[in-house]
Amino acid sequence: MTGRRRTRSSFLRGLRGRSRAARTGALSAGALVAACTSLTTGCGLVPGTTGGSGDDSITVMTWAPQDTGATNKPGMPAFAQAYARWINDQGGLGGRTLNVLTCNDHNDSVTAAKCARRAVKEDAVAVVGSYSQHADAFLPVLEGAGIPYIGGYGLTNLEFTSPLSYPVNGGQPALLAGLGSALADSCGPVTLVRPDTIVGDQLPTLLDSGLTSGGHGRAHDQRAAEDATEYDGQSERALERTTTDPAEPGCVVPVLGDRTGTFMDSFRRAREDYPDVRTATVLGSVDQSTVNASGGASGPYEGAYVTGWYPAVSDPAWDGMKKVIKEEAFGDNRVDAADAGVQTTWIAYTVLKEVVEALGDGEVSAHTVTRALDDGLEVGTGGLTPPLQWRFQGKLASVGFPRLVNTEVTLQVVRQGRLVSAREGALDTTRTLRNTDVT
């Protein structure tokens, strides 16, 4: 199958997007369901598609953990399916039908590798807009098959080193470095509460890079279980460390993904017995719905700094994504326009769309998609990110992040219960990250 299109659809020229080329799969929908069941990885197809059969179709995969005891991102595969329905109603990607396979990696390295093998078996041209902390398990599988990884969530350092990874944001490195820079002038002692995992082990160095660049000391590194049901002891320990000098109120920085809200419930109770401290975190660990659920202006996030990758959800640049959600995911509570995972998935599929359009009438395959990106294709995202262009020797290659091309973060603050911009424009973390030791 060549992936060549029979007709050109003119509507696509108006929306700047990107797409990963996909070699079409050979399984029928029934065979796919059976195969997914045999792998027990939670794979799925967007309803109404055929699993990648047909000469004019493009197959991709989006994965994320769901129904686990730790961080879950069901909105990412759900939005990917909504996007496929929407784009296919418009005529497809460059006139080709988009087939989206989904997979639940269960926050497990073995299952993450199975998801990647599934992508290989189905001739996916790319894995797009996905979330997994097990890059060491899935990236070697994708690399072996030459399948690009477009717009991963940026959880692991490997996503910024693999030659087949095309991240659309600065991941945890940019978020933590930017947050450290913001806290350096406003905090006394700082305590980072982070998961006791391999991914969590990478976070202290990143936060410290921002703190020390502003002349602040390093943060206390406090490990915590990523699936705990309460954090009473952790909250008290963090408060003890950050209230040693009443003249310099400290900052507690929980970065626990979905469990950040659980931590803050414990923290709210514990802080009554201690002097005031400030809190701060990153988007992905908190969003507006989290702030609302915690009590809004009277909750523990009031005054907290929060770093993110993109403009606030109220920015008109998100109108295209909101249109897709309204038309194809209305009432689906998994898909939240304010969720950083959903936003990342929208940008990743924008990249995929633009790549497919750049290939024109040519073959769309994992190889041609990779070649287009590696040949210097520059992708615009309508102001949601800087123009994206991936080179083998990026501006942060010397410190171990050769694929990190978007170093900008936004700084927000919780004010009167609302996440609002704390400063105009974005903060470029390039200089801070250049001084980071990630070895």
# chains A, B, ... in the order shown; residues from 1 in each chain; ligands from 1
call {"tool": "residues_around", "arguments": {"residues": "segment 227-236 of chain A", "least_positions_apart": "4", "cutoff": "12 Å", "atoms": "only C-alpha atoms", "output": "ChimeraX atom specification"}}
result
/A:68-72,107,191-197,221-223,240-243,252-254,256-275,277,279
call {"tool": "write_last_selection", "arguments": {"atoms": "N, CA and C atoms", "output": "short mmCIF file (atom, residue, chain, number, x, y, z; two decimals), in the first residue's frame"}}
result
data_model
loop_
_atom_site.label_atom_id
_atom_site.label_comp_id
_atom_site.auth_asym_id
_atom_site.auth_seq_id
_atom_site.Cartn_x
_atom_site.Cartn_y
_atom_site.Cartn_z
N THR A 68 -5.52 3.45 36.69
CA THR A 68 -4.44 2.97 37.55
C THR A 68 -4.50 3.69 38.89
N GLY A 69 -3.67 3.27 39.80
CA GLY A 69 -3.64 3.90 41.12
C GLY A 69 -2.75 5.11 41.17
N ALA A 70 -2.09 5.45 40.05
CA ALA A 70 -1.20 6.61 40.01
C ALA A 70 -1.78 7.63 39.03
N THR A 71 -0.92 8.31 38.27
CA THR A 71 -1.40 9.33 37.34
C THR A 71 -2.06 8.69 36.12
N ASN A 72 -3.23 9.21 35.74
CA ASN A 72 -3.97 8.73 34.58
C ASN A 72 -4.21 9.88 33.61
N ASN A 107 0.66 2.42 33.28
CA ASN A 107 1.81 2.85 34.08
C ASN A 107 2.76 1.69 34.36
N THR A 191 11.11 22.74 49.58
CA THR A 191 11.05 21.29 49.62
C THR A 191 10.28 20.78 48.42
N LEU A 192 10.89 19.90 47.66
CA LEU A 192 10.25 19.25 46.52
C LEU A 192 9.72 17.89 46.97
N VAL A 193 8.44 17.70 46.84
CA VAL A 193 7.82 16.40 47.15
C VAL A 193 7.51 15.74 45.82
N ARG A 194 8.20 14.63 45.52
CA ARG A 194 8.10 14.05 44.19
C ARG A 194 8.01 12.52 44.29
N PRO A 195 7.59 11.87 43.20
CA PRO A 195 7.42 10.41 43.25
C PRO A 195 8.74 9.68 43.45
N ASP A 196 8.67 8.60 44.21
CA ASP A 196 9.84 7.75 44.42
C ASP A 196 9.92 6.76 43.26
N THR A 197 10.22 7.30 42.07
CA THR A 197 10.30 6.51 40.84
C THR A 197 11.52 6.95 40.05
N ASP A 221 15.03 17.33 48.85
CA ASP A 221 14.44 16.30 47.98
C ASP A 221 13.69 15.30 48.84
N GLN A 222 12.37 15.29 48.71
CA GLN A 222 11.53 14.44 49.55
C GLN A 222 10.76 13.45 48.67
N ARG A 223 11.12 12.19 48.77
CA ARG A 223 10.45 11.15 47.99
C ARG A 223 9.11 10.78 48.63
N GLU A 240 8.05 20.99 58.26
CA GLU A 240 9.16 21.13 59.20
C GLU A 240 10.39 21.69 58.50
N ARG A 241 10.62 21.26 57.29
CA ARG A 241 11.81 21.68 56.55
C ARG A 241 11.70 23.11 56.03
N THR A 242 10.48 23.57 55.78
CA THR A 242 10.32 24.88 55.15
C THR A 242 9.92 25.98 56.12
N THR A 243 9.84 25.68 57.40
CA THR A 243 9.47 26.69 58.39
C THR A 243 10.55 26.88 59.44
N VAL A 252 6.66 24.85 49.54
CA VAL A 252 6.49 23.41 49.35
C VAL A 252 6.05 23.18 47.91
N VAL A 253 6.76 22.31 47.21
CA VAL A 253 6.53 22.08 45.78
C VAL A 253 6.15 20.62 45.57
N PRO A 254 4.86 20.28 45.59
CA PRO A 254 4.46 18.90 45.29
C PRO A 254 4.33 18.70 43.79
N LEU A 256 3.40 15.50 42.01
CA LEU A 256 2.99 14.11 42.17
C LEU A 256 1.92 13.69 41.17
N GLY A 257 1.77 14.45 40.09
CA GLY A 257 0.76 14.10 39.11
C GLY A 257 -0.62 14.11 39.72
N ASP A 258 -1.41 13.09 39.43
CA ASP A 258 -2.77 13.00 39.95
C ASP A 258 -2.83 12.98 41.47
N ARG A 259 -1.76 12.56 42.11
CA ARG A 259 -1.75 12.46 43.58
C ARG A 259 -1.40 13.78 44.25
N THR A 260 -1.16 14.83 43.47
CA THR A 260 -0.90 16.13 44.06
C THR A 260 -2.10 16.61 44.86
N GLY A 261 -3.30 16.39 44.33
CA GLY A 261 -4.51 16.77 45.06
C GLY A 261 -4.64 16.03 46.38
N THR A 262 -4.26 14.74 46.39
CA THR A 262 -4.29 13.96 47.62
C THR A 262 -3.30 14.53 48.63
N PHE A 263 -2.10 14.88 48.13
CA PHE A 263 -1.12 15.50 49.02
C PHE A 263 -1.66 16.79 49.62
N MET A 264 -2.28 17.61 48.80
CA MET A 264 -2.77 18.90 49.27
C MET A 264 -3.89 18.76 50.28
N ASP A 265 -4.67 17.71 50.20
CA ASP A 265 -5.69 17.46 51.23
C ASP A 265 -5.03 17.24 52.59
N SER A 266 -3.96 16.44 52.60
CA SER A 266 -3.22 16.21 53.84
C SER A 266 -2.50 17.48 54.28
N PHE A 267 -1.94 18.19 53.32
CA PHE A 267 -1.18 19.40 53.61
C PHE A 267 -2.07 20.48 54.22
N ARG A 268 -3.29 20.60 53.76
CA ARG A 268 -4.21 21.60 54.29
C ARG A 268 -4.42 21.40 55.79
N ARG A 269 -4.57 20.16 56.19
CA ARG A 269 -4.78 19.87 57.63
C ARG A 269 -3.51 20.10 58.43
N ALA A 270 -2.39 19.67 57.88
CA ALA A 270 -1.13 19.75 58.64
C ALA A 270 -0.64 21.18 58.80
N ARG A 271 -0.88 22.06 57.84
CA ARG A 271 -0.30 23.39 57.88
C ARG A 271 -0.89 24.28 58.97
N GLU A 272 -2.01 23.88 59.54
CA GLU A 272 -2.63 24.66 60.61
C GLU A 272 -1.72 24.79 61.83
N ASP A 273 -0.82 23.84 62.00
CA ASP A 273 0.07 23.84 63.16
C ASP A 273 1.44 24.43 62.87
N TYR A 274 1.60 25.06 61.70
CA TYR A 274 2.91 25.58 61.29
C TYR A 274 2.77 27.01 60.78
N PRO A 275 3.87 27.77 60.76
CA PRO A 275 3.84 29.10 60.15
C PRO A 275 3.47 29.00 58.67
N VAL A 277 3.50 29.02 54.77
CA VAL A 277 4.42 28.72 53.69
C VAL A 277 3.65 28.89 52.38
N THR A 279 2.97 27.50 48.35
CA THR A 279 3.03 26.29 47.55
C THR A 279 3.25 26.65 46.08
#
call {"tool": "select_by_dssp", "arguments": {"residues": "segment 149-285 of chain A", "states": "strand (DSSP E or B)", "output": "list in words"}}
result
Tyr149, Ile150, Ser165, Tyr166, Val190, Thr191, Leu192, Val193, Arg194, Pro195, His220, Asp221, Gln222, Arg223, Ala224, Cys251, Val252, Val253, Pro254, Arg278, Thr279, Ala280, Thr281, Val282 and Leu283 of chain A
call {"tool": "residues_around", "arguments": {"residues": "Pro316 of chain A", "least_positions_apart": "3", "cutoff": "10 Å", "atoms": "only C-alpha atoms", "output": "list in words"}}
result
Pro311, Ala312, Val313, Asp319, Gly320, Lys322, Gly382, Gly383 and Leu384 of chain A
call {"tool": "write_last_selection", "arguments": {"atoms": "C-alpha atoms", "output": "PDB file, in the first residue's frame"}}
result
ATOM      1  CA  PRO A 311      -0.960  29.879  26.966  1.00  0.00           C
ATOM      2  CA  ALA A 312      -3.929  29.885  29.321  1.00  0.00           C
ATOM      3  CA  VAL A 313      -6.922  27.919  28.055  1.00  0.00           C
ATOM      4  CA  ASP A 319     -10.298  27.882  19.581  1.00  0.00           C
ATOM      5  CA  GLY A 320      -9.532  25.144  17.046  1.00  0.00           C
ATOM      6  CA  LYS A 322     -12.243  23.688  21.543  1.00  0.00           C
ATOM      7  CA  GLY A 382      -0.889  29.144  15.731  1.00  0.00           C
ATOM      8  CA  GLY A 383       0.941  30.778  18.631  1.00  0.00           C
ATOM      9  CA  LEU A 384       0.577  27.884  21.078  1.00  0.00           C
TER      10      LEU A 384
END
call {"tool": "residues_around", "arguments": {"residues": "Tyr166 of chain A", "least_positions_apart": "5", "cutoff": "7 Å", "atoms": "only C-alpha atoms", "output": "mmCIF file with N, CA, C and O atoms, in the first residue's frame"}}
result
data_model
loop_
_atom_site.group_PDB
_atom_site.id
_atom_site.type_symbol
_atom_site.label_atom_id
_atom_site.label_comp_id
_atom_site.auth_asym_id
_atom_site.auth_seq_id
_atom_site.Cartn_x
_atom_site.Cartn_y
_atom_site.Cartn_z
ATOM 1 N N TYR A 149 7.990 9.268 17.327
ATOM 2 C CA TYR A 149 7.199 9.537 18.528
ATOM 3 C C TYR A 149 6.976 11.045 18.572
ATOM 4 O O TYR A 149 7.855 11.808 18.957
ATOM 5 N N ILE A 150 5.786 11.479 18.163
ATOM 6 C CA ILE A 150 5.504 12.910 17.995
ATOM 7 C C ILE A 150 4.687 13.437 19.171
ATOM 8 O O ILE A 150 3.592 12.956 19.443
ATOM 9 N N GLY A 151 5.220 14.431 19.848
ATOM 10 C CA GLY A 151 4.445 15.102 20.878
ATOM 11 C C GLY A 151 4.177 14.258 22.103
ATOM 12 O O GLY A 151 3.062 14.258 22.619
ATOM 13 N N TRP A 390 12.994 20.330 14.426
ATOM 14 C CA TRP A 390 13.858 19.411 15.149
ATOM 15 C C TRP A 390 15.145 19.182 14.377
ATOM 16 O O TRP A 390 15.120 18.788 13.205
ATOM 17 N N ARG A 403 16.920 16.953 21.592
ATOM 18 C CA ARG A 403 15.629 17.042 20.931
ATOM 19 C C ARG A 403 14.708 18.073 21.579
ATOM 20 O O ARG A 403 13.559 18.233 21.157
#
call {"tool": "closest_atom_pairs", "arguments": {"of": "segment 104-209 of chain A", "to": "segment 331-351 of chain A", "cutoff": "8 Å", "atoms": "only C-alpha atoms", "output": "CSV"}}
result
residue,atom,partner,partner_atom,distance
A:Val128,CA,A:Ala348,CA,6.0
A:Gly129,CA,A:Thr345,CA,4.1
A:Ser130,CA,A:Thr345,CA,7.0
A:Tyr131,CA,A:Gly341,CA,7.7
A:Ile150,CA,A:Ala348,CA,6.0
A:Gly151,CA,A:Ala348,CA,4.7
A:Gly152,CA,A:Thr344,CA,7.7
A:Tyr153,CA,A:Thr344,CA,6.8
A:Val168,CA,A:Ala348,CA,6.8
A:Asn169,CA,A:Thr344,CA,7.9
call {"tool": "select_by_dssp", "arguments": {"residues": "segment 211-353 of chain A", "states": "helix (DSSP H, G or I)", "output": "PyMOL selection string"}}
result
chain A and resi 211-213+232-242+257-273+288-293+296-298+316-328+340-353
call {"tool": "atom_distance", "arguments": {"atom1": "atom CA of Arg278 of chain A", "atom2": "atom CA of Ser213 of chain A"}}
result
20.2 Å
call {"tool": "closest_residue", "arguments": {"among": "A:Gln288, A:Thr307, A:Thr59, A:Gln66", "to": "Leu352 of chain A", "atoms": "only C-alpha atoms"}}
result
A:Thr59
call {"tool": "closest_residue", "arguments": {"among": "A:Lys121, A:Arg418, A:Arg423, A:Arg96", "to": "Ala304 of chain A", "atoms": "only C-alpha atoms"}}
result
A:Arg418
call {"tool": "closest_residue", "arguments": {"among": "A:Ala426, A:Val100, A:Ala112, A:Val255", "to": "Ala225 of chain A", "atoms": "only C-alpha atoms"}}
result
A:Val255
call {"tool": "residues_around", "arguments": {"residues": "Ala116 of chain A", "least_positions_apart": "4", "cutoff": "12 Å", "atoms": "only C-alpha atoms", "output": "ChimeraX atom specification"}}
result
/A:39,41,43,60-64,101-105,109-112,120-128,130,132,134-149
call {"tool": "residues_around", "arguments": {"residues": "Arg415 of chain A", "least_positions_apart": "5", "cutoff": "8 Å", "atoms": "only C-alpha atoms", "output": "JSON, numbers by chain"}}
result
{"A": [297, 302, 303, 420]}
call {"tool": "atom_distance", "arguments": {"atom1": "atom CA of Gly380 of chain A", "atom2": "atom CA of Val355 of chain A"}}
result
11.2 Å
call {"tool": "closest_residue", "arguments": {"among": "A:Ser289, A:Ser294, A:Asn406, A:Gln393", "to": "Thr381 of chain A", "atoms": "only C-alpha atoms"}}
result
A:Asn406
